[in-house]
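Q: Contents are compact mmCIF, C-alpha atoms and all ligand atoms; file name final-v1.txt:
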```
# COMPACT_ATOMS: atom_id res chain seq x y z
CA MET A 589 1.22 107.92 -18.29
CA THR A 590 -2.15 107.60 -16.61
CA ASP A 591 -3.08 107.11 -12.96
CA ASP A 592 -5.47 104.94 -10.99
CA ASP A 593 -8.39 106.29 -8.97
CA ASP A 594 -6.41 106.22 -5.70
CA ALA A 595 -4.12 108.92 -7.11
CA LEU A 596 -7.11 111.25 -7.30
CA VAL A 597 -7.95 110.63 -3.65
CA ASP A 598 -4.40 110.67 -2.28
CA ARG A 599 -2.67 113.28 -4.45
CA GLY A 600 -5.78 115.26 -5.31
CA TRP A 601 -5.27 114.81 -9.06
CA MET A 602 -4.92 112.19 -11.75
CA VAL A 603 -4.26 111.93 -15.46
CA VAL A 604 -6.66 109.80 -17.50
CA ASP A 605 -6.98 108.69 -21.09
CA LEU A 606 -10.47 109.80 -22.01
CA PRO A 607 -12.49 106.75 -23.12
CA ASP A 608 -13.86 108.80 -26.02
CA ALA A 609 -11.03 111.03 -27.19
CA SER A 610 -12.63 111.60 -30.58
CA ILE A 611 -14.90 114.33 -29.19
CA VAL A 612 -11.84 116.25 -27.97
CA HIS A 613 -10.21 116.08 -31.39
CA ALA A 614 -13.51 117.19 -32.96
CA VAL A 615 -13.87 120.14 -30.58
CA GLY A 616 -10.24 121.18 -31.18
CA GLU A 617 -10.89 121.13 -34.91
CA ARG A 618 -14.08 123.15 -34.43
CA LEU A 619 -12.12 125.76 -32.48
CA ARG A 620 -9.40 125.88 -35.13
CA THR A 621 -11.83 126.40 -38.00
CA GLN A 622 -13.72 129.03 -35.99
CA LEU A 623 -10.45 130.89 -35.42
CA CYS A 624 -9.72 130.79 -39.16
CA THR A 625 -13.12 132.40 -39.78
CA ASP A 626 -12.81 134.97 -37.01
CA LEU A 627 -9.24 135.95 -37.89
CA GLY A 628 -9.83 135.82 -41.65
CA THR A 629 -6.73 133.75 -42.21
CA THR A 630 -5.45 130.20 -42.17
CA LEU A 631 -4.37 128.65 -38.90
CA GLU A 632 -2.96 125.18 -39.47
CA ARG A 633 -2.52 124.33 -35.78
CA LEU A 634 -3.98 125.81 -32.59
CA GLU A 635 -0.39 125.71 -31.25
CA ASP A 636 0.56 128.55 -33.63
CA TYR A 637 -2.24 130.93 -32.57
CA HIS A 638 0.16 133.36 -30.82
CA ALA A 639 1.80 134.19 -34.15
CA LEU A 640 -1.53 135.68 -35.29
CA VAL A 641 -2.68 137.49 -32.14
CA ALA A 642 -0.02 139.34 -30.17
CA ASP A 643 -2.15 142.23 -28.87
CA ASP A 644 -3.76 141.53 -25.46
CA THR A 645 -7.03 143.37 -26.15
CA ARG A 646 -7.47 141.58 -29.45
CA HIS A 647 -6.62 138.26 -27.77
CA LEU A 648 -9.37 138.80 -25.19
CA GLU A 649 -11.91 139.60 -27.94
CA VAL A 650 -10.93 136.55 -29.98
CA LEU A 651 -10.96 134.21 -26.97
CA GLY A 652 -14.31 135.65 -25.86
CA ALA A 653 -15.86 134.99 -29.27
CA LEU A 654 -14.40 131.48 -29.31
CA ALA A 655 -15.65 130.75 -25.77
CA THR A 656 -19.13 131.94 -26.79
CA VAL A 657 -19.16 129.40 -29.63
CA PHE A 658 -17.91 126.75 -27.18
CA TRP A 659 -20.69 127.61 -24.69
CA ASN A 660 -23.53 128.00 -27.18
CA ALA A 661 -22.78 124.64 -28.77
CA GLY A 662 -22.57 122.99 -25.32
CA LEU A 663 -19.19 121.52 -26.19
CA GLY A 664 -17.93 121.20 -22.60
CA LEU A 665 -21.05 119.31 -21.61
CA GLU A 666 -20.68 117.14 -24.70
CA ILE A 667 -17.12 116.15 -23.74
CA VAL A 668 -18.41 115.00 -20.34
CA ARG A 669 -21.50 113.30 -21.81
CA ARG A 670 -19.41 111.30 -24.27
CA ASN A 671 -17.15 110.17 -21.41
CA LEU A 672 -19.94 109.60 -18.92
CA PRO A 673 -18.82 106.19 -17.54
CA LEU A 674 -15.54 107.77 -16.40
CA PHE A 675 -17.25 110.66 -14.59
CA GLN A 676 -19.96 108.45 -13.12
CA ARG A 677 -17.27 106.09 -11.76
CA LEU A 678 -15.41 108.95 -10.10
CA VAL A 679 -18.20 111.31 -9.07
CA GLY A 680 -21.44 109.33 -8.99
CA LEU A 681 -24.57 108.64 -11.01
CA ASP A 682 -26.08 112.07 -10.32
CA LEU A 683 -24.09 114.75 -12.10
CA HIS A 684 -24.15 118.49 -12.66
CA VAL A 685 -21.80 119.99 -15.26
CA GLN A 686 -20.54 123.56 -15.46
CA THR A 687 -22.65 125.44 -17.99
CA TYR A 688 -19.95 127.88 -19.09
CA PRO A 689 -16.64 126.00 -18.79
CA TYR A 690 -13.48 128.07 -18.97
CA LEU A 691 -11.76 128.06 -22.32
CA ARG A 692 -8.12 128.98 -21.91
CA ALA A 693 -5.38 129.97 -24.31
CA ALA A 694 -1.95 130.68 -22.86
CA ARG A 695 0.43 132.17 -25.37
CA PRO A 696 4.19 131.70 -24.91
CA ARG A 697 5.79 134.22 -22.54
CA CYS A 698 2.42 135.80 -21.68
CA PRO A 699 1.87 135.48 -17.91
CA GLN A 700 -1.18 137.75 -18.30
CA ASP A 701 -2.92 134.80 -20.04
CA CYS A 702 -2.53 132.61 -16.95
CA THR A 703 -4.40 132.34 -13.67
CA GLY A 704 -1.29 131.47 -11.67
CA LEU A 705 -1.37 128.98 -8.79
CA HIS A 706 -4.61 129.14 -6.83
CA ARG A 707 -7.11 127.14 -4.84
CA ASP A 708 -10.69 127.39 -6.12
CA THR A 709 -12.12 126.66 -2.68
CA TYR A 710 -10.87 130.18 -1.84
CA TYR A 711 -13.43 131.46 -4.39
CA GLY A 712 -16.57 129.68 -3.19
CA ALA A 713 -15.95 126.31 -4.85
CA SER A 714 -16.42 123.10 -2.89
CA PRO A 715 -13.88 120.29 -2.48
CA PHE A 716 -16.67 118.07 -3.83
CA GLU A 717 -16.27 119.65 -7.26
CA LEU A 718 -14.07 117.92 -9.83
CA ALA A 719 -12.35 119.88 -12.57
CA ALA A 720 -11.55 118.17 -15.85
CA LEU A 721 -8.82 120.04 -17.67
CA VAL A 722 -9.06 118.92 -21.27
CA PRO A 723 -6.26 120.08 -23.57
CA PHE A 724 -6.70 120.77 -27.28
CA THR A 725 -2.92 121.00 -27.73
CA ASP A 726 -0.31 118.73 -26.17
CA ILE A 727 0.89 120.10 -22.84
CA THR A 728 4.57 119.78 -22.02
CA ALA A 729 6.43 120.63 -18.82
CA ALA A 730 7.21 124.05 -20.35
CA SER A 731 3.53 124.81 -20.97
CA GLY A 732 3.13 125.83 -17.34
CA LEU A 733 0.36 123.57 -16.03
CA ARG A 734 1.22 122.85 -12.37
CA VAL A 735 -0.21 121.15 -9.29
CA ILE A 736 0.87 120.69 -5.68
CA SER A 737 0.21 117.06 -4.80
CA GLY A 738 -1.56 116.54 -1.50
CA SER A 739 -2.42 120.21 -1.08
CA HIS A 740 -6.13 119.30 -1.03
CA THR A 741 -5.60 117.86 2.49
CA GLU A 742 -3.78 120.88 3.90
CA PRO A 743 -5.42 123.68 5.88
CA GLY A 744 -5.72 127.26 4.70
CA THR A 745 -2.83 128.25 6.98
CA ALA A 746 -0.53 126.25 4.68
CA TYR A 747 -1.58 128.46 1.77
CA PRO A 748 -2.15 132.01 3.00
CA PHE A 749 -3.25 134.44 0.32
CA MET A 750 -3.14 138.14 -0.36
CA GLN A 751 -6.37 139.53 -1.74
CA THR A 752 -6.12 142.28 -4.29
CA GLN A 753 -8.47 143.94 -6.74
CA ALA A 754 -7.66 143.13 -10.36
CA ALA A 755 -7.46 146.39 -12.28
CA ASP A 756 -8.45 144.69 -15.53
CA VAL A 757 -11.25 142.38 -14.28
CA ALA A 758 -14.69 143.78 -13.38
CA ILE A 759 -17.49 141.53 -12.07
CA GLY A 760 -19.32 140.01 -15.02
CA SER A 761 -16.74 141.34 -17.51
CA LEU A 762 -15.52 139.16 -20.35
CA ARG A 763 -12.24 138.47 -18.54
CA HIS A 764 -14.23 137.45 -15.45
CA ARG A 765 -16.45 135.15 -17.53
CA LEU A 766 -13.30 133.62 -19.00
CA GLY A 767 -12.27 132.48 -15.54
CA PHE A 768 -10.10 135.30 -14.17
CA PRO A 769 -11.11 136.42 -10.67
CA TYR A 770 -11.98 140.08 -10.08
CA ALA A 771 -10.54 139.92 -6.57
CA PRO A 772 -7.64 137.47 -6.94
CA ARG A 773 -6.40 135.69 -3.86
CA THR A 774 -2.74 135.46 -4.69
CA LEU A 775 -0.68 132.69 -3.12
CA ASP A 776 3.01 133.02 -2.26
CA PRO A 777 4.82 133.11 -5.65
CA GLY A 778 7.53 130.92 -4.06
CA LEU A 779 5.04 128.03 -4.28
CA ASP A 780 5.73 127.88 -8.01
CA ARG A 781 8.97 126.04 -7.17
CA ARG A 782 7.07 123.39 -5.18
CA ALA A 783 4.44 122.86 -7.87
CA GLU A 784 5.07 120.01 -10.26
CA PRO A 785 4.43 120.22 -13.98
CA VAL A 786 1.72 118.07 -15.53
CA THR A 787 2.12 116.82 -19.09
CA LEU A 788 -0.85 115.81 -21.20
CA ALA A 789 -1.47 114.62 -24.74
CA VAL A 790 -4.63 115.56 -26.61
CA GLY A 791 -7.17 112.89 -25.64
CA GLN A 792 -6.04 112.86 -22.02
CA ALA A 793 -7.41 114.96 -19.17
CA LEU A 794 -6.14 116.21 -15.85
CA LEU A 795 -8.79 115.57 -13.20
CA PHE A 796 -8.53 117.25 -9.82
CA GLY A 797 -10.59 118.33 -6.84
CA LEU A 798 -11.02 122.06 -6.40
CA GLY A 799 -9.29 122.02 -3.02
CA LEU A 800 -6.02 121.29 -4.83
CA VAL A 801 -3.52 124.09 -5.37
CA HIS A 802 -3.11 124.20 -9.13
CA GLY A 803 -2.90 126.60 -12.00
CA GLY A 804 -1.41 127.74 -15.20
CA VAL A 805 1.84 129.60 -14.71
CA GLU A 806 3.78 131.32 -17.48
CA ASN A 807 4.04 129.23 -20.62
CA THR A 808 7.78 129.13 -21.34
CA GLY A 809 7.35 126.81 -24.31
CA ALA A 810 7.19 127.83 -27.95
CA THR A 811 3.54 127.02 -28.62
CA THR A 812 0.14 128.24 -27.41
CA ARG A 813 -1.55 126.05 -24.81
CA PHE A 814 -5.31 125.64 -25.50
CA SER A 815 -7.56 123.86 -23.00
CA ALA A 816 -10.97 123.86 -21.42
CA ASP A 817 -11.65 123.20 -17.80
CA VAL A 818 -15.03 121.75 -17.09
CA ARG A 819 -16.36 121.31 -13.57
CA VAL A 820 -18.37 118.23 -12.68
CA ALA A 821 -20.08 117.65 -9.34
CA ASN A 822 -22.35 115.13 -7.70
CA SER A 823 -25.86 116.62 -7.71
CA LEU A 824 -26.35 115.46 -4.10
CA ALA A 825 -23.12 117.03 -2.80
CA PRO A 826 -23.10 120.28 -0.80
CA VAL A 827 -22.26 122.53 -3.72
CA GLN A 828 -23.39 126.08 -4.37
CA TRP A 829 -25.14 125.57 -7.72
CA ALA A 830 -25.67 129.23 -8.59
CA ARG A 831 -22.56 131.33 -8.28
CA GLY A 832 -21.36 134.87 -8.84
CA VAL A 833 -23.30 136.44 -11.66
CA ARG A 834 -24.46 133.06 -12.96
CA ALA A 835 -27.74 131.57 -11.71
CA ASP A 836 -27.11 128.80 -14.26
CA TYR A 837 -23.48 128.16 -13.31
CA TYR A 838 -24.28 124.41 -13.37
CA THR A 839 -26.53 122.31 -15.60
CA PRO A 840 -27.94 118.94 -14.45
CA LEU A 841 -26.74 116.16 -16.75
CA CYS A 842 -27.97 112.84 -15.40
CA SER A 843 -29.43 111.22 -12.32
CA ALA A 844 -30.08 107.79 -10.86
CA PRO A 845 -33.68 106.48 -10.92
CA MET A 846 -33.82 106.56 -7.11
CA THR A 847 -32.84 110.23 -7.09
CA ARG A 848 -35.56 111.04 -9.62
CA LEU A 849 -38.04 109.11 -7.47
CA ALA A 850 -37.01 110.94 -4.32
CA ARG A 851 -37.33 114.34 -6.00
CA ARG A 852 -41.05 113.65 -6.54
CA TYR A 853 -41.67 113.43 -2.80
CA PRO A 854 -43.74 116.44 -1.71
CA THR A 855 -41.57 119.07 -0.10
CA ASP A 856 -44.25 120.02 2.47
CA GLU A 857 -44.26 116.54 4.10
FE FE B 901 -8.73 126.68 -10.97
```
What do you get writing this file as structure tokens?
Ligand SMILES: [Fe+2]

A:
Amino acid sequence: MTDDDDALVDRGWMVVDLPDASIVHAVGERLRTQLCTDLGTTLERLEDYHALVADDTRHLEVLGALATVFWNAGLGLEIVRRNLPLFQRLVGLDLHVQTYPYLRAARPRCPQDCTGLHRDTYYGASPFELAALVPFTDITAASGLRVISGSHTEPGTAYPFMQTQAADVAIGSLRHRLGFPYAPRTLDPGLDRRAEPVTLAVGQALLFGLGLVHGGVENTGATTRFSADVRVANSLAPVQWARGVRADYYTPLCSAPMTRLARRYPTDE
């Protein structure tokens, strides 16, 4: 099932059929073949990855190598570029795209692979930023992808957090670069019961604003959940373009002629 644009505004999230799903299938296949090379074995389906990598340290190494391939080939940006009319309709003609999108793999019964419910505006993100969660495996209710509808309109007092220091995440470390915070702001675990599961088929995407409470909770299914989340923002929105250890957190993708004209105006006038 897919949603109309009002769902994004009112609920804070929507499910879309990507106009060009072929790029997602191609990227998934690229990831699968890369894993075969890196692991030195055959992997028929990304869903079965957990059967090959049970050790957490090894998993982090493998996912880090895979994410590096994903980043170096600009695959996240390519998914957005090939579906540009969708993103321009929702976000505008002037777009920045996250340079190093988060590649995620949540193995069954491995809560350590998951971010848990969170609100990215608690980590310096802006509610103007859109996240596109693009799965490379089908996501069922058991996969653990959850959202709290309408939470993007609620104040911080509705979602108090406890800040801790993650023992296994240093600033700039691989785990940090893979999208795990070094100082997690943990929401009340009881919220998990209020969060609704989102189901997605490969070729669809979950789009949401970063003020929404969302996250990957424990995957209780039988297969590994592989996805990328790619942030897209209007270049003219009040967004912090450089962030954390990344001066190039965002890459400009496209702009309207009038914006390009305006950028030529001398800054000392
Ligand atoms: Fe997030």

Q: Quick one: distance from atom CA of A:Gly600 to atom CA of A:Val801 in Å, one decimal?

A: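 According to the coordinates, atom CA of A:Gly600 and atom CA of A:Val801 are separated by 9.1 Å.
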
Q: Box for stretch 668-686 of chain A - axis-aligned, 5 Å on each of the six sides, all listed atoms - centre and size in Å to one decimal, as AutoDock Vina command-line options.

A:
```
--center_x -20.7 --center_y 114.8 --center_z -16.6 --size_x 20.7 --size_y 27.5 --size_z 25.3
```

Q: Please determine, counting all atoms listed in the file, which residue among A:Ala835, A:Ala830, A:Ala694, A:Val818 has the shortest atom-to-atom distance to ligand FE 901 (chain B).

A: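 Distance minimum relative to ligand FE 901 (chain B) lands on A:Val818.
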
Q: Could you produce a table of the residues of chain A lying within 7 Å of ligand FE 901 (chain B), with the nearest pair of atoms per residue and their separation in Å rounded to one decimal, using only C-alpha atoms and all ligand atoms, ordered by chain and increasing residue number, as a Markdown table?

A:
```
| residue | atom | partner | partner_atom | distance |
| --- | --- | --- | --- | --- |
| A:His706 | CA | B:FE901 | FE | 6.3 |
| A:Arg707 | CA | B:FE901 | FE | 6.4 |
| A:Asp708 | CA | B:FE901 | FE | 5.3 |
| A:Leu798 | CA | B:FE901 | FE | 6.9 |
| A:His802 | CA | B:FE901 | FE | 6.4 |
| A:Gly803 | CA | B:FE901 | FE | 5.9 |
```

Q: Please report the interatomic distance between atom CA of A:Val657 and atom CA of A:Tyr837 in Å with one decimal.

A: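 Atom CA of A:Tyr837 lies 16.9 Å from atom CA of A:Val657.
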
Q: By how many Å are atom CA of A:Pro689 and atom CA of A:Gly767 apart?

A: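 These atoms are spaced 8.5 Å apart.
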
Q: Which polymer residues have any atom within 12 Å of an atom of A:His684, counting all atoms listed in the file, with same-chain residues fewer than 4 positions away left out, as JSON, numbers by chain?

A: {"A": [665, 668, 669, 672, 675, 676, 679, 680, 716, 717, 718, 719, 818, 819, 820, 821, 822, 823, 824, 825, 827, 828, 829, 830, 836, 837, 838, 839, 840, 841, 842, 843]}

Q: Taking 6 positions as the minimum chain separation for residues in the same chain, which residues sit within 8 Å of A:Arg620 when counting only C-alpha atoms? Answer as a list in words.

A: Leu631, Glu632, Arg633 and Leu634 of chain A

Q: Mind dumping the selected residues with C-alpha atoms as a PDB file, in the frame of the given file?

A:
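Ended up saving to part.pdb:
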```pdb
ATOM      1  CA  LEU A 631      -4.370 128.650 -38.900  1.00  0.00           C
ATOM      2  CA  GLU A 632      -2.960 125.180 -39.470  1.00  0.00           C
ATOM      3  CA  ARG A 633      -2.520 124.330 -35.780  1.00  0.00           C
ATOM      4  CA  LEU A 634      -3.980 125.810 -32.590  1.00  0.00           C
TER       5      LEU A 634
END
```

Q: Hey, which of A:Pro845, A:Pro696, A:Gly804, A:Gly664 ends up closest to A:Ala642? Count all atoms listed in the file.

A: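 Result for the nearest residue to A:Ala642: A:Pro696.
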
Q: Using all atoms listed in the file, which of the listed residues (A:Tyr770, A:Trp659, A:Tyr690, A:Tyr637) sits closest to A:Leu721?

A: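 Residue with the minimum atom-to-atom distance to A:Leu721: A:Tyr690.
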
Q: Skipping near chain neighbours, those fewer than 2 positions away, what residues fall within 9 Å of A:Arg670 using only C-alpha atoms, listed as a PyMOL selection string?

A: chain A and resi 607-609+611+665-668+672-673

Q: Counting all atoms listed in the file, I want the residues whose atoms come within 12 Å of (-13.0, 135.8, -37.5) in the file frame, returned as JSON, numbers by chain.

A: {"A": [619, 620, 621, 622, 623, 624, 625, 626, 627, 628, 629, 630, 631, 640, 641, 646, 647, 649, 650, 651, 652, 653, 654, 657]}

Q: Which residue out of A:Arg848, A:Arg692, A:Arg734, A:Arg697 has the minimum interatomic distance to A:Leu648 when all atoms listed in the file are used?

A: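 Distance minimum relative to A:Leu648 lands on A:Arg692.
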
Q: Nearest to A:Pro715 among A:Gly662, A:Pro772, A:Pro826, A:Gly760, with distances taken over only C-alpha atoms: which residue is it?

A: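 Closest candidate: A:Pro826.
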
Q: Let me make sure I understand: among A:Glu806, A:Asp605, A:Asp817, A:Asp592, which one has the smallest atom-to-atom distance to A:Gln792 if we use all atoms listed in the file?

A: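 Ranked by minimum distance to A:Gln792, first place goes to A:Asp605.
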
Q: Do you know which residues are at most 12 Å from stretch 724-729 of chain A counting only C-alpha atoms, after dropping those on the same chain fewer than 2 positions away, and could you put them as number ranges by chain?

A: A: 609-620, 633-637, 667, 691-695, 721-722, 731-735, 783-794, 804-817

Q: Considering all atoms listed in the file, return as an mmCIF file with C-alpha atoms, in the frame of the given file whatever protein or nucleic-acid residues lie within 6 Å of A:Trp601, sequence-local ones (same chain, fewer than 3 positions apart) excluded.

A:
```cif
data_model
loop_
_atom_site.group_PDB
_atom_site.id
_atom_site.type_symbol
_atom_site.label_atom_id
_atom_site.label_comp_id
_atom_site.auth_asym_id
_atom_site.auth_seq_id
_atom_site.Cartn_x
_atom_site.Cartn_y
_atom_site.Cartn_z
ATOM 1 C CA LEU A 596 -7.110 111.250 -7.300
ATOM 2 C CA LEU A 795 -8.790 115.570 -13.200
ATOM 3 C CA PHE A 796 -8.530 117.250 -9.820
#
```

Q: Kindly reconstruct stretch 809-845 of chain A with N, CA and C atoms and present the result as a CSV table (one decimal), in the coordinates of the input.

A:
```csv
chain,number,residue,atom,x,y,z
A,809,GLY,N,7.1,127.6,-23.1
A,809,GLY,CA,7.4,126.8,-24.3
A,809,GLY,C,7.3,127.7,-25.5
A,810,ALA,N,7.2,127.1,-26.7
A,810,ALA,CA,7.2,127.8,-28.0
A,810,ALA,C,5.8,127.8,-28.6
A,811,THR,N,4.8,127.1,-28.0
A,811,THR,CA,3.5,127.0,-28.6
A,811,THR,C,2.4,127.5,-27.7
A,812,THR,N,1.3,127.9,-28.2
A,812,THR,CA,0.1,128.2,-27.4
A,812,THR,C,-0.5,127.0,-26.8
A,813,ARG,N,-0.9,127.1,-25.5
A,813,ARG,CA,-1.6,126.0,-24.8
A,813,ARG,C,-3.1,126.3,-24.8
A,814,PHE,N,-3.8,125.5,-25.5
A,814,PHE,CA,-5.3,125.6,-25.5
A,814,PHE,C,-5.9,124.5,-24.7
A,815,SER,N,-6.9,124.9,-23.8
A,815,SER,CA,-7.6,123.9,-23.0
A,815,SER,C,-8.9,124.4,-22.5
A,816,ALA,N,-9.7,123.5,-22.1
A,816,ALA,CA,-11.0,123.9,-21.4
A,816,ALA,C,-10.9,123.2,-20.0
A,817,ASP,N,-11.4,123.9,-19.0
A,817,ASP,CA,-11.6,123.2,-17.8
A,817,ASP,C,-13.1,123.2,-17.5
A,818,VAL,N,-13.6,122.0,-17.3
A,818,VAL,CA,-15.0,121.8,-17.1
A,818,VAL,C,-15.2,121.2,-15.7
A,819,ARG,N,-16.1,121.8,-14.9
A,819,ARG,CA,-16.4,121.3,-13.6
A,819,ARG,C,-17.5,120.3,-13.6
A,820,VAL,N,-17.4,119.3,-12.8
A,820,VAL,CA,-18.4,118.2,-12.7
A,820,VAL,C,-18.6,118.0,-11.2
A,821,ALA,N,-19.8,117.9,-10.8
A,821,ALA,CA,-20.1,117.6,-9.3
A,821,ALA,C,-21.3,116.7,-9.2
A,822,ASN,N,-21.2,116.0,-8.1
A,822,ASN,CA,-22.4,115.1,-7.7
A,822,ASN,C,-23.5,116.0,-7.3
A,823,SER,N,-24.7,115.8,-7.9
A,823,SER,CA,-25.9,116.6,-7.7
A,823,SER,C,-26.3,116.6,-6.3
A,824,LEU,N,-25.9,115.6,-5.5
A,824,LEU,CA,-26.4,115.5,-4.1
A,824,LEU,C,-25.3,116.0,-3.1
A,825,ALA,N,-24.2,116.5,-3.7
A,825,ALA,CA,-23.1,117.0,-2.8
A,825,ALA,C,-23.4,118.5,-2.4
A,826,PRO,N,-22.8,118.9,-1.3
A,826,PRO,CA,-23.1,120.3,-0.8
A,826,PRO,C,-22.3,121.3,-1.6
A,827,VAL,N,-22.9,121.6,-2.8
A,827,VAL,CA,-22.3,122.5,-3.7
A,827,VAL,C,-23.2,123.7,-3.9
A,828,GLN,N,-22.6,124.9,-4.1
A,828,GLN,CA,-23.4,126.1,-4.4
A,828,GLN,C,-23.6,126.1,-5.9
A,829,TRP,N,-24.9,125.8,-6.3
A,829,TRP,CA,-25.1,125.6,-7.7
A,829,TRP,C,-25.2,126.9,-8.5
A,830,ALA,N,-25.7,127.9,-7.9
A,830,ALA,CA,-25.7,129.2,-8.6
A,830,ALA,C,-24.5,130.0,-8.0
A,831,ARG,N,-23.8,130.7,-8.8
A,831,ARG,CA,-22.6,131.3,-8.3
A,831,ARG,C,-22.3,132.6,-9.0
A,832,GLY,N,-21.8,133.6,-8.2
A,832,GLY,CA,-21.4,134.9,-8.8
A,832,GLY,C,-22.5,135.5,-9.6
A,833,VAL,N,-22.3,135.8,-10.9
A,833,VAL,CA,-23.3,136.4,-11.7
A,833,VAL,C,-24.1,135.4,-12.4
A,834,ARG,N,-23.8,134.1,-12.2
A,834,ARG,CA,-24.5,133.1,-13.0
A,834,ARG,C,-25.4,132.3,-12.1
A,835,ALA,N,-26.8,132.4,-12.4
A,835,ALA,CA,-27.7,131.6,-11.7
A,835,ALA,C,-27.7,130.2,-12.3
A,836,ASP,N,-27.2,130.1,-13.6
A,836,ASP,CA,-27.1,128.8,-14.3
A,836,ASP,C,-25.6,128.4,-14.4
A,837,TYR,N,-24.9,128.5,-13.3
A,837,TYR,CA,-23.5,128.2,-13.3
A,837,TYR,C,-23.3,126.7,-13.6
A,838,TYR,N,-24.3,125.9,-13.1
A,838,TYR,CA,-24.3,124.4,-13.4
A,838,TYR,C,-25.5,124.0,-14.1
A,839,THR,N,-25.4,122.9,-14.9
A,839,THR,CA,-26.5,122.3,-15.6
A,839,THR,C,-26.6,120.9,-15.2
A,840,PRO,N,-27.8,120.4,-14.8
A,840,PRO,CA,-27.9,118.9,-14.4
A,840,PRO,C,-27.8,118.1,-15.7
A,841,LEU,N,-27.0,117.0,-15.6
A,841,LEU,CA,-26.7,116.2,-16.8
A,841,LEU,C,-27.5,114.8,-16.7
A,842,CYS,N,-27.4,114.2,-15.5
A,842,CYS,CA,-28.0,112.8,-15.4
A,842,CYS,C,-28.2,112.5,-13.9
A,843,SER,N,-29.1,111.6,-13.7
A,843,SER,CA,-29.4,111.2,-12.3
A,843,SER,C,-29.9,109.8,-12.2
A,844,ALA,N,-29.7,109.2,-11.1
A,844,ALA,CA,-30.1,107.8,-10.9
A,844,ALA,C,-31.6,107.7,-10.7
A,845,PRO,N,-32.2,106.6,-11.1
A,845,PRO,CA,-33.7,106.5,-10.9
A,845,PRO,C,-34.1,106.8,-9.5
```
